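Have a look at coords10.txt below; it lists compact mmCIF, C-alpha atoms.
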# COMPACT_ATOMS: atom_id res chain seq x y z
CA ARG A 1 11.43 -14.43 -12.70
CA MET A 2 9.37 -16.00 -9.95
CA SER A 3 9.56 -19.76 -9.41
CA ARG A 4 6.44 -21.31 -10.84
CA LEU A 5 3.92 -22.22 -8.15
CA HIS A 6 1.73 -25.29 -8.47
CA ARG A 7 -1.66 -23.97 -9.54
CA LYS A 8 -3.58 -27.20 -9.36
CA PHE A 9 -3.04 -30.59 -7.75
CA VAL A 10 -4.90 -33.71 -6.63
CA ILE A 11 -4.91 -35.00 -3.06
CA TYR A 12 -4.97 -38.80 -2.71
CA ILE A 13 -5.88 -40.10 0.75
CA PHE A 14 -4.79 -43.60 1.78
CA ASP A 15 -4.86 -45.41 5.13
CA ASP A 16 -1.20 -44.73 5.82
CA ARG A 17 -0.33 -41.68 3.71
CA ILE A 18 -1.58 -38.63 1.86
CA ILE A 19 -0.15 -37.88 -1.56
CA VAL A 20 -0.37 -34.41 -3.07
CA GLU A 21 0.30 -34.67 -6.80
CA PRO A 22 0.68 -31.51 -8.97
CA SER A 23 -0.92 -31.39 -12.40
CA GLU A 24 2.38 -30.49 -14.09
CA LEU A 25 4.23 -33.33 -15.76
CA ARG A 26 7.53 -34.52 -14.26
CA ALA A 27 6.87 -32.57 -11.04
CA GLU A 28 7.54 -34.15 -7.66
CA SER A 29 4.67 -34.87 -5.30
CA LEU A 30 4.54 -34.34 -1.55
CA VAL A 31 3.98 -37.48 0.51
CA PHE A 32 2.76 -37.20 4.12
CA ASN A 33 3.37 -40.42 6.06
CA LEU A 34 0.57 -40.76 8.64
CA LYS A 35 2.53 -43.25 10.76
CA THR A 36 5.94 -41.56 10.96
CA ASN A 37 4.77 -37.93 10.37
CA GLU A 38 7.53 -37.70 7.77
CA ILE A 39 7.15 -35.43 4.73
CA THR A 40 8.97 -36.44 1.55
CA SER A 41 9.09 -35.29 -2.05
CA VAL A 42 8.81 -38.11 -4.60
CA LEU A 43 8.46 -38.34 -8.36
CA ASN A 44 5.41 -40.40 -9.37
CA PRO A 45 4.65 -41.81 -5.89
CA LEU A 46 1.32 -43.29 -7.05
CA SER A 47 3.22 -46.02 -8.88
CA GLN A 48 4.36 -47.30 -5.47
CA VAL A 49 0.77 -47.77 -4.30
CA ALA A 50 -0.73 -48.78 -7.64
CA VAL A 51 -2.37 -51.86 -6.14
CA LEU A 52 -4.22 -49.74 -3.59
CA ARG A 53 -7.22 -47.56 -4.21
CA PRO A 54 -7.29 -44.20 -2.41
CA LEU A 55 -10.02 -43.75 0.15
CA LYS A 56 -10.69 -40.31 -1.26
CA THR A 57 -9.39 -37.89 -3.90
CA LYS A 58 -9.84 -34.14 -3.97
CA GLU A 59 -8.77 -31.43 -6.40
CA SER A 60 -7.04 -28.40 -4.87
CA TYR A 61 -5.72 -25.01 -5.97
CA GLY A 62 -3.24 -24.17 -3.25
CA LEU A 63 -1.62 -25.37 -0.05
CA ILE A 64 -2.43 -23.04 2.87
CA GLY A 65 -0.28 -24.77 5.48
CA LEU A 66 -0.18 -27.25 8.37
CA ILE A 67 -2.37 -26.38 11.37
CA PRO A 68 -1.88 -28.09 14.77
CA LEU A 69 -5.00 -29.20 16.69
CA HIS A 70 -5.79 -31.94 19.25
CA ALA A 71 -5.30 -34.78 16.75
CA GLY A 72 -2.02 -33.37 15.49
CA LEU A 73 -1.34 -31.55 12.24
CA TYR A 74 -3.97 -30.91 9.59
CA LEU A 75 -3.16 -30.17 5.96
CA ALA A 76 -5.20 -27.11 4.91
CA CYS A 77 -5.85 -26.70 1.18
CA ILE A 78 -7.86 -24.40 -1.10
CA THR A 79 -10.59 -26.45 -2.75
CA ASP A 80 -12.53 -23.62 -4.38
CA ARG A 81 -11.52 -20.16 -5.59
CA SER A 82 -13.02 -17.26 -7.54
CA LEU A 83 -11.32 -14.90 -9.95
CA VAL A 84 -11.44 -11.34 -8.58
CA GLY A 85 -9.83 -9.76 -11.62
CA VAL A 86 -6.54 -9.12 -13.37
CA ILE A 87 -3.71 -6.76 -12.46
CA ASN A 88 -0.98 -6.24 -15.04
CA SER A 89 -2.16 -9.42 -16.84
CA LYS A 90 -1.86 -11.46 -13.60
CA SER A 91 -4.92 -13.23 -12.15
CA ILE A 92 -5.96 -12.44 -8.56
CA TYR A 93 -8.07 -15.01 -6.69
CA ARG A 94 -10.20 -15.13 -3.54
CA ILE A 95 -10.51 -18.25 -1.37
CA GLU A 96 -14.07 -19.60 -1.42
CA LYS A 97 -13.69 -23.02 0.19
CA VAL A 98 -11.06 -24.97 2.14
CA SER A 99 -10.59 -28.57 3.25
CA PHE A 100 -8.62 -30.01 6.16
CA TYR A 101 -6.89 -33.41 6.09
CA PRO A 102 -5.55 -35.01 9.32
CA LEU A 103 -1.90 -36.03 9.07
CA SER A 104 -1.98 -38.53 11.93
CA ASN A 105 -4.19 -41.38 13.14
CA SER A 106 -4.47 -40.13 16.71
CA THR A 107 -7.20 -41.46 18.96
CA LEU A 108 -9.28 -38.76 20.64
CA SER A 109 -11.64 -38.85 23.58
CA GLU A 110 -15.25 -37.86 23.01
CA LYS A 111 -14.58 -34.49 24.62
CA GLN A 112 -11.55 -33.89 22.39
CA LYS A 113 -13.56 -34.90 19.31
CA LYS A 114 -16.15 -32.29 20.23
CA TYR A 115 -13.50 -29.59 20.59
CA GLU A 116 -11.80 -30.72 17.38
CA ALA A 117 -15.02 -30.44 15.39
CA THR A 118 -15.61 -26.94 16.82
CA TYR A 119 -12.10 -25.77 15.94
CA LEU A 120 -12.35 -27.14 12.40
CA ARG A 121 -15.72 -25.50 11.89
CA LEU A 122 -14.38 -22.14 13.11
CA LEU A 123 -11.31 -22.42 10.87
CA LYS A 124 -13.43 -23.25 7.84
CA ASN A 125 -15.76 -20.33 8.53
CA LEU A 126 -12.79 -17.99 8.93
CA LEU A 127 -11.17 -19.05 5.66
CA ARG A 128 -14.52 -18.91 3.84
CA SER A 129 -15.17 -15.35 5.01
CA ARG A 130 -14.08 -14.03 1.56
CA ASP A 131 -11.29 -12.03 3.21
CA PHE A 132 -8.37 -14.14 1.90
CA TYR A 133 -6.66 -13.53 -1.43
CA PHE A 134 -3.77 -14.96 -3.41
CA ALA A 135 -2.04 -14.91 -6.77
CA TYR A 136 0.37 -17.40 -8.30
CA ASP A 137 2.61 -14.87 -10.05
CA PHE A 138 1.84 -11.49 -8.51
CA ASP A 139 3.05 -9.92 -5.25
CA LEU A 140 -0.13 -8.75 -3.52
CA SER A 141 1.71 -7.78 -0.32
CA ASN A 142 3.83 -4.88 -1.59
CA SER A 143 2.77 -1.50 -2.96
CA LEU A 144 3.64 -0.36 -6.47
CA GLN A 145 6.48 1.81 -5.13
CA THR A 146 7.92 -1.01 -3.02
CA ASN A 147 7.69 -3.46 -5.91
CA PHE A 148 9.48 -0.98 -8.14
CA ASN A 149 12.26 -0.46 -5.60
CA LEU A 150 12.66 -4.22 -5.06
CA ASN A 151 12.88 -4.86 -8.76
CA ASN A 152 15.38 -2.08 -9.40
CA ASN A 153 17.74 -2.93 -6.53
CA GLY A 154 16.32 -0.18 -4.33
CA ASN A 155 17.07 2.54 -6.89
CA SER A 156 14.02 4.75 -7.35
CA ASN A 157 15.84 7.46 -9.28
CA ASN A 158 14.63 6.11 -12.61
CA ILE A 159 10.96 6.16 -11.64
CA ASN A 160 10.25 8.52 -14.54
CA THR A 161 11.65 6.19 -17.19
CA SER A 162 9.27 4.70 -19.72
CA ASN A 163 7.29 1.58 -18.84
CA SER A 164 9.30 -0.43 -21.36
CA GLU A 165 12.51 0.39 -19.46
CA ARG A 166 11.31 -0.31 -15.94
CA ASN A 167 10.04 -3.36 -14.11
CA LEU A 168 7.10 -2.53 -11.86
CA TRP A 169 5.82 -5.87 -10.66
CA TYR A 170 8.17 -8.81 -11.17
CA SER A 171 10.61 -10.35 -8.73
CA THR A 172 14.39 -10.17 -8.90
CA THR A 173 15.11 -12.13 -5.72
CA THR A 174 17.87 -14.71 -5.85
CA ASP A 175 15.69 -17.62 -6.93
CA GLY A 176 12.54 -15.68 -7.71
CA SER A 177 10.43 -17.33 -4.98
CA LEU A 178 7.26 -15.35 -4.31
CA TYR A 179 7.17 -16.25 -0.60
CA LYS A 180 10.67 -14.83 -0.04
CA ARG A 181 9.72 -11.34 -1.20
CA PHE A 182 6.23 -11.29 0.32
CA ASP A 183 5.89 -8.63 3.06
CA LYS A 184 5.96 -10.56 6.34
CA ARG A 185 3.31 -8.24 7.83
CA PHE A 186 0.73 -9.39 5.30
CA PHE A 187 1.93 -13.00 4.84
CA TRP A 188 -1.06 -14.45 6.72
CA ASN A 189 -0.09 -18.14 6.48
CA LYS A 190 3.68 -17.77 6.92
CA ARG A 191 3.77 -19.52 10.28
CA ILE A 192 1.71 -22.53 9.22
CA LEU A 193 3.85 -22.93 6.07
CA LYS A 194 7.06 -23.29 8.12
CA PRO A 195 7.07 -27.15 8.05
CA ILE A 196 6.99 -26.96 4.25
CA ILE A 197 9.60 -24.19 4.12
CA LYS A 198 11.92 -26.30 6.33
CA LEU A 199 11.91 -29.04 3.68
CA GLU A 200 14.52 -26.90 1.93
CA ASP A 201 16.93 -27.99 4.72
CA GLN A 202 16.52 -31.58 3.45
CA GLY A 203 17.42 -30.56 -0.09
CA ILE A 204 13.77 -30.59 -1.19
CA ASN A 205 12.63 -27.77 -3.47
CA SER A 206 9.48 -26.70 -1.63
CA SER A 207 9.12 -23.30 -3.35
CA PRO A 208 6.43 -24.46 -5.83
CA TRP A 209 4.19 -25.36 -2.85
CA LEU A 210 4.65 -22.11 -0.90
CA LEU A 211 1.63 -19.97 -1.79
CA PRO A 212 1.42 -16.76 0.31
CA ILE A 213 -2.10 -15.81 1.42
CA MET A 214 -3.06 -12.20 2.16
CA ARG A 215 -5.97 -11.25 4.40
CA GLY A 216 -7.82 -8.08 3.42
CA CYS A 217 -9.73 -6.96 0.36
CA VAL A 218 -9.09 -6.65 -3.38
CA LEU A 219 -11.46 -4.73 -5.68
CA ILE A 220 -10.78 -4.43 -9.42
CA HIS A 221 -12.89 -2.37 -11.83
CA VAL A 222 -12.17 -1.77 -15.51
CA VAL A 223 -13.87 0.97 -17.55
CA LEU A 224 -13.46 2.05 -21.17
CA ILE A 225 -12.37 5.64 -21.86
CA ASN A 226 -11.74 6.77 -25.45
CA ASP A 227 -11.35 3.13 -26.52
CA SER A 228 -8.69 2.57 -23.86
CA CYS A 229 -9.09 0.64 -20.62
CA LEU A 230 -8.73 2.36 -17.27
CA ASP A 231 -8.05 -0.03 -14.39
CA PHE A 232 -9.09 1.06 -10.90
CA VAL A 233 -7.80 -1.21 -8.13
CA ILE A 234 -8.08 -1.09 -4.34
CA ILE A 235 -5.96 -3.46 -2.24
CA SER A 236 -6.34 -3.47 1.55
CA ARG A 237 -3.73 -5.51 3.41
CA ARG A 238 -4.33 -6.52 7.02
CA SER A 239 -1.30 -7.12 9.22
CA ARG A 240 -0.94 -10.45 11.00
CA PHE A 241 0.93 -8.82 13.90
CA LYS A 242 -0.93 -7.87 17.10
CA ALA A 243 -4.05 -9.34 15.57
CA GLY A 244 -7.36 -9.34 17.42
CA THR A 245 -10.89 -8.04 17.44
CA ARG A 246 -11.93 -4.43 18.00
CA TYR A 247 -12.01 -3.32 21.67
CA LYS A 248 -10.19 -6.52 22.72
CA THR A 249 -6.91 -5.60 21.01
CA ARG A 250 -5.66 -2.02 21.16
CA GLY A 251 -2.43 -0.03 21.10
CA VAL A 252 1.14 -1.06 20.37
CA ASP A 253 3.41 -3.97 21.35
CA GLN A 254 7.11 -4.06 22.23
CA ASN A 255 8.05 -4.54 18.57
CA GLY A 256 6.24 -1.41 17.39
CA HIS A 257 3.32 -3.30 15.82
CA VAL A 258 -0.12 -1.77 16.37
CA ALA A 259 -3.51 -3.43 16.50
CA ASN A 260 -5.82 -3.38 13.48
CA TYR A 261 -3.07 -2.21 11.14
CA ILE A 262 -4.25 -2.03 7.54
CA GLN A 263 -2.50 -0.68 4.46
CA THR A 264 -4.85 0.41 1.67
CA GLU A 265 -3.51 1.14 -1.80
CA GLN A 266 -5.47 2.77 -4.60
CA LEU A 267 -4.09 1.98 -8.05
CA ILE A 268 -5.02 3.49 -11.40
CA CYS A 269 -3.64 2.31 -14.74
CA TYR A 270 -4.33 4.03 -18.07
CA ASN A 271 -2.43 3.37 -21.30
CA ASN A 272 0.02 1.26 -19.30
CA ASN A 273 0.84 4.17 -16.96
CA TRP A 274 0.42 3.32 -13.27
CA CYS A 275 -0.12 5.58 -10.30
CA SER A 276 -0.58 4.66 -6.66
CA PHE A 277 -1.79 6.24 -3.42
CA VAL A 278 -1.13 4.47 -0.12
CA GLN A 279 -2.91 4.99 3.21
CA ILE A 280 -2.27 3.15 6.45
CA ARG A 281 -4.45 2.99 9.54
CA GLY A 282 -3.86 1.49 12.92
CA SER A 283 -4.45 1.77 16.63
CA ILE A 284 -2.82 4.64 18.54
CA PRO A 285 0.81 3.43 19.16
CA LEU A 286 0.68 3.68 22.97
CA PHE A 287 0.03 1.04 25.63
CA TRP A 288 -3.71 1.34 26.15
CA GLU A 289 -6.78 -0.88 26.36
CA GLN A 290 -10.54 -0.92 26.75
CA ARG A 291 -12.24 -3.02 29.43
CA GLY A 292 -15.80 -4.04 30.11
CA LEU A 293 -18.88 -4.99 28.11
CA LYS A 294 -20.42 -1.53 27.78
CA PHE A 295 -21.26 -0.06 24.36
CA THR A 296 -18.21 2.17 24.85
CA PRO A 297 -15.81 0.24 27.11
CA GLU A 298 -13.67 2.10 29.62
CA LEU A 299 -10.47 3.46 28.06
CA ILE A 300 -7.31 2.91 30.10
CA ILE A 301 -3.87 4.31 29.23
CA ASN A 302 -1.10 2.19 30.74
CA GLN A 303 1.87 4.39 31.54
CA SER A 304 5.18 2.60 31.01
CA GLU A 305 8.84 3.42 30.58
CA GLU A 306 8.71 1.31 27.43
CA THR A 307 6.00 3.44 25.79
CA MET A 308 8.31 5.91 24.06
CA LYS A 309 10.56 3.09 22.91
CA SER A 310 7.68 1.25 21.22
CA PHE A 311 6.22 4.51 19.89
CA THR A 312 9.57 5.43 18.34
CA LEU A 313 10.04 1.97 16.89
CA HIS A 314 6.60 2.12 15.28
CA PHE A 315 7.19 5.43 13.51
CA GLU A 316 10.77 4.62 12.57
CA ASN A 317 9.41 1.55 10.80
CA GLN A 318 6.74 3.62 9.04
CA LEU A 319 9.28 6.20 7.88
CA LYS A 320 11.56 3.46 6.62
CA LEU A 321 8.67 2.03 4.61
CA HIS A 322 7.08 5.27 3.39
CA GLN A 323 9.76 7.99 3.73
CA LYS A 324 7.20 10.77 4.31
CA ILE A 325 4.03 10.54 6.42
CA LEU A 326 0.93 12.69 6.85
CA ILE A 327 -0.68 11.72 10.17
CA VAL A 328 -4.42 12.34 10.56
CA ASN A 329 -5.66 11.95 14.13
CA LEU A 330 -9.40 11.15 14.09
CA LEU A 331 -9.89 10.94 17.87
CA ASP A 332 -12.49 12.99 19.73
CA SER A 333 -11.51 16.33 21.25
CA SER A 334 -13.55 15.62 24.37
CA GLY A 335 -14.32 12.70 26.63
CA ALA A 336 -12.11 9.64 27.20
CA GLU A 337 -10.60 9.79 23.71
CA ALA A 338 -9.30 13.30 24.37
CA ARG A 339 -6.84 11.96 26.97
CA LEU A 340 -5.57 9.40 24.49
CA SER A 341 -5.32 12.06 21.78
CA ARG A 342 -3.29 14.41 24.01
CA SER A 343 -0.95 11.61 25.06
CA PHE A 344 -0.43 10.64 21.42
CA LYS A 345 0.35 14.26 20.46
CA ASP A 346 2.81 14.62 23.39
CA HIS A 347 4.73 11.50 22.31
CA LEU A 348 4.64 12.62 18.69
CA ASP A 349 6.02 16.06 19.53
CA GLU A 350 8.93 14.40 21.31
CA PHE A 351 9.56 12.09 18.37
CA ILE A 352 9.31 14.54 15.47
CA THR A 353 11.76 17.10 16.83
CA ASN A 354 13.71 18.30 13.77
CA ASN A 355 11.93 15.77 11.55
CA SER A 356 10.35 17.39 8.49
CA ASN A 357 9.14 14.06 7.05
CA ILE A 358 6.07 13.98 9.32
CA ILE A 359 3.05 16.27 9.05
CA TYR A 360 0.33 16.13 11.73
CA GLU A 361 -3.36 17.05 11.45
CA HIS A 362 -6.09 16.55 14.06
CA PHE A 363 -9.60 16.05 12.69
CA ASP A 364 -12.37 15.35 15.22
CA PHE A 365 -14.29 13.07 12.90
CA HIS A 366 -17.26 12.27 15.15
CA SER A 367 -17.90 15.93 16.01
CA ILE A 368 -17.38 17.43 12.54
CA CYS A 369 -19.18 14.68 10.60
CA LYS A 370 -21.92 13.89 13.11
CA ASN A 371 -25.42 12.99 11.88
CA GLY A 372 -24.01 11.43 8.72
CA GLN A 373 -22.50 14.66 7.35
CA PHE A 374 -19.54 12.85 5.83
CA PHE A 375 -19.19 15.48 3.09
CA LYS A 376 -17.49 17.63 5.71
CA VAL A 377 -14.39 15.48 5.31
CA SER A 378 -13.69 17.85 2.41
CA THR A 379 -12.52 20.43 4.99
CA LEU A 380 -9.73 18.05 5.98
CA ILE A 381 -8.68 17.66 2.37
CA GLU A 382 -8.72 21.44 1.87
CA ASN A 383 -6.58 21.95 4.98
Represent the structure of the file as structure tokens.
Amino acid sequence: RMSRLHRKFVIYIFDDRIIVEPSELRAESLVFNLKTNEITSVLNPLSQVAVLRPLKTKESYGLIGLIPLHAGLYLACITDRSLVGVINSKSIYRIEKVSFYPLSNSTLSEKQKKYEATYLRLLKNLLRSRDFYFAYDFDLSNSLQTNFNLNNNGNSNNINTSNSERNLWYSTTTDGSLYKRFDKRFFWNKRILKPIIKLEDQGINSSPWLLPIMRGCVLIHVVLINDSCLDFVIISRRSRFKAGTRYKTRGVDQNGHVANYIQTEQLICYNNNWCSFVQIRGSIPLFWEQRGLKFTPELIINQSEETMKSFTLHFENQLKLHQKILIVNLLDSSGAEARLSRSFKDHLDEFITNNSNIIYEHFDFHSICKNGQFFKVSTLIEN
């Protein structure tokens, strides 16, 4: 079973330290020393400062991580959450509000203070964008099929066994830590949790503090059919690799990661029987970019000897994850996108030689569905 994560704690702020105390009895607290920058884990640390009154206390529902800015590290915590719904009796939450606590007493110039305030405001706005989700005892990052394989030691042969005989959602990792099984692509706060993860090297059990955050979208709807509940769930997971805004970040990198990569899973559960359909979308896995400030920026394909290597790495990773892939190319058949589409198809033809696990379909979305005629997508489904 998964190690139990701290679901609620209180942050006590003193002149020289910040104490994060979990609500569970006999659980160790984290102590951040503002003078030495040392992080320790102590049982009942408030007894050591009983004569002092904290400058401030704040209730929190999760530790996001440590973020470096001009003044040093800031402790980022979830201070408000909303319940999105329940999947397999596990509660799924969305971040509604965050707070940042400086972990040093650095002196800043007026210019640095101005920048610091701007960065903190931007970070707060980002994390309050209602795009960040978490669960204390549910793996949001992996699909139903992946969870099943993980929990059955990679053996999917017994997928048709009864629900009572199979384990769809729970962890069977060595110590059950949620962060260790979380898909690194969708583990949004993995990097900023590293200082807490490294506490394990000091013999400190930091697992209860390591709450993985996923960026994306979770929608849960429950309807009643013949006195039985039907759960309809959509989970969209946004990759943290090659991240960036549209137009500014395009194509593939040397590790095979593409820009704007999102995995969307549709889940249906009825009478405790689950089914799943997974789609992935991402930028064309070539080295290309768009420049300029026009409504449709200039499209430039950068020819490189490394292109096929990155292209191959991308699709090898996808096949490893999904076994079989149906590729739908939505690029235009004319104009600048046509060049990109042809280049993509040429690289794909070279890659899929003697590979029956990939099916390719080109669907000129803008031409076929122009003027809002989105019903014509049905022709793609029929094909």
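Comparing A:Asn260, A:Thr79, A:Thr296, A:Ser228 by their smallest distance to A:Ala243, the closest is A:Asn260 (using only C-alpha atoms).
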For A:Asn125, the closest of A:Asp139, A:Leu108, A:Ile95, A:Ile197 counting all atoms listed in the file is A:Ile95
Report the distance between atom CA of A:Leu211 and atom CA of A:Ile11 in Å, rounded to one decimal place.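 The value is 16.4 Å.
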When you draw a straight line from atom CA of A:Ile300 to atom CA of A:Arg250, how long is it in Å? 10.3 Å
Just want the 9 Å neighbourhood of stretch 360-371 of chain A, counted on all atoms listed in the file, with same-chain residues fewer than 4 positions away dropped. Output as an MDAnalysis selection string. chainID A and resid 325:333 341 345 348 375:377 380 383
Here atom CA of A:Glu110 and atom CA of A:Ile64 stand apart by 28.1 Å
For A:Gly244, work out the shell of residues within 12 Å, counting all atoms listed in the file and skipping chain neighbours fewer than 3 positions away, then give it as a PyMOL selection string. chain A and resi 238-241+247-251+258-261+283
Which is closer to A:Asn271 than all the others in A:Asn226, A:Ser356, A:Asn147, A:Arg215, using only C-alpha atoms?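 Once distances to A:Asn271 are computed over only C-alpha atoms, the minimum belongs to A:Asn226.
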Point out the residue among A:Leu144, A:Ile92, A:Leu122, A:Leu127 with the least atom-to-atom distance to A:Thr264, counting all atoms listed in the file. A:Leu144
If you count all atoms listed in the file, which residues fall within 7 Å of A:Leu75, apart from same-chain ones fewer than 4 positions away, as a list in words?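 In the requested form, the answer reads Gly65, Leu66, Ile67, Phe100, Tyr101, Pro102 and Leu103 of chain A.
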List the neighbours of A:Ile220 out to 9 Å using only C-alpha atoms; skip same-chain residues closer than 5 positions along the sequence, and give me the result as a PDB file with C-alpha atoms, keeping the file's coordinate frame.
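Saved as out-v2.pdb:
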ATOM      1  CA  VAL A  84     -11.440 -11.340  -8.580  1.00  0.00           C
ATOM      2  CA  GLY A  85      -9.830  -9.760 -11.620  1.00  0.00           C
ATOM      3  CA  VAL A  86      -6.540  -9.120 -13.370  1.00  0.00           C
ATOM      4  CA  ILE A  87      -3.710  -6.760 -12.460  1.00  0.00           C
ATOM      5  CA  ASP A 231      -8.050  -0.030 -14.390  1.00  0.00           C
ATOM      6  CA  PHE A 232      -9.090   1.060 -10.900  1.00  0.00           C
ATOM      7  CA  VAL A 233      -7.800  -1.210  -8.130  1.00  0.00           C
ATOM      8  CA  ILE A 234      -8.080  -1.090  -4.340  1.00  0.00           C
ATOM      9  CA  ILE A 235      -5.960  -3.460  -2.240  1.00  0.00           C
TER      10      ILE A 235
END
Shortest contact to A:Ile204, candidates A:Asn33, A:Ser41, A:Thr57, A:Asn151, atoms counted only C-alpha atoms, goes to A:Ser41
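Of the listed residues A:Gln266, A:Thr379, A:Gln290, A:Ser23, the one whose atoms come nearest to A:Glu337 is A:Gln290, with distances taken using all atoms listed in the file.
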List as a PyMOL selection string the residues having at least one atom at most 12 Å from position (7.9, -12.0, 8.2) as given in the file, counting only C-alpha atoms. chain A and resi 141+179-191+193-194+212+239-241
Output C-alpha atoms for every residue in that selection, as a CSV table (one decimal), in the frame of the given file.
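Resulting contents of result_37.csv:
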chain,number,residue,atom,x,y,z
A,141,SER,CA,1.7,-7.8,-0.3
A,179,TYR,CA,7.2,-16.2,-0.6
A,180,LYS,CA,10.7,-14.8,0.0
A,181,ARG,CA,9.7,-11.3,-1.2
A,182,PHE,CA,6.2,-11.3,0.3
A,183,ASP,CA,5.9,-8.6,3.1
A,184,LYS,CA,6.0,-10.6,6.3
A,185,ARG,CA,3.3,-8.2,7.8
A,186,PHE,CA,0.7,-9.4,5.3
A,187,PHE,CA,1.9,-13.0,4.8
A,188,TRP,CA,-1.1,-14.4,6.7
A,189,ASN,CA,-0.1,-18.1,6.5
A,190,LYS,CA,3.7,-17.8,6.9
A,191,ARG,CA,3.8,-19.5,10.3
A,193,LEU,CA,3.8,-22.9,6.1
A,194,LYS,CA,7.1,-23.3,8.1
A,212,PRO,CA,1.4,-16.8,0.3
A,239,SER,CA,-1.3,-7.1,9.2
A,240,ARG,CA,-0.9,-10.4,11.0
A,241,PHE,CA,0.9,-8.8,13.9
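Those residues positioned at most 10 Å from (-4.0, 8.0, 26.8) are Gly251, Ile284, Leu286, Phe287, Trp288, Glu289, Leu299, Ile300, Ile301, Asn302, Gln303, Ala336, Glu337, Ala338, Arg339, Leu340, Ser341, Arg342, Ser343, Phe344 and Lys345 of chain A, judged using all atoms listed in the file.
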Residues at most 9 Å from stretch 315-321 of chain A, counting all atoms listed in the file, excluding those fewer than 5 positions away in the same chain, as a list in words?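 Counting only the stated atoms, we get Thr146, Gly256, Pro285, Ser310, Phe351, Asn357 and Ile358 of chain A.
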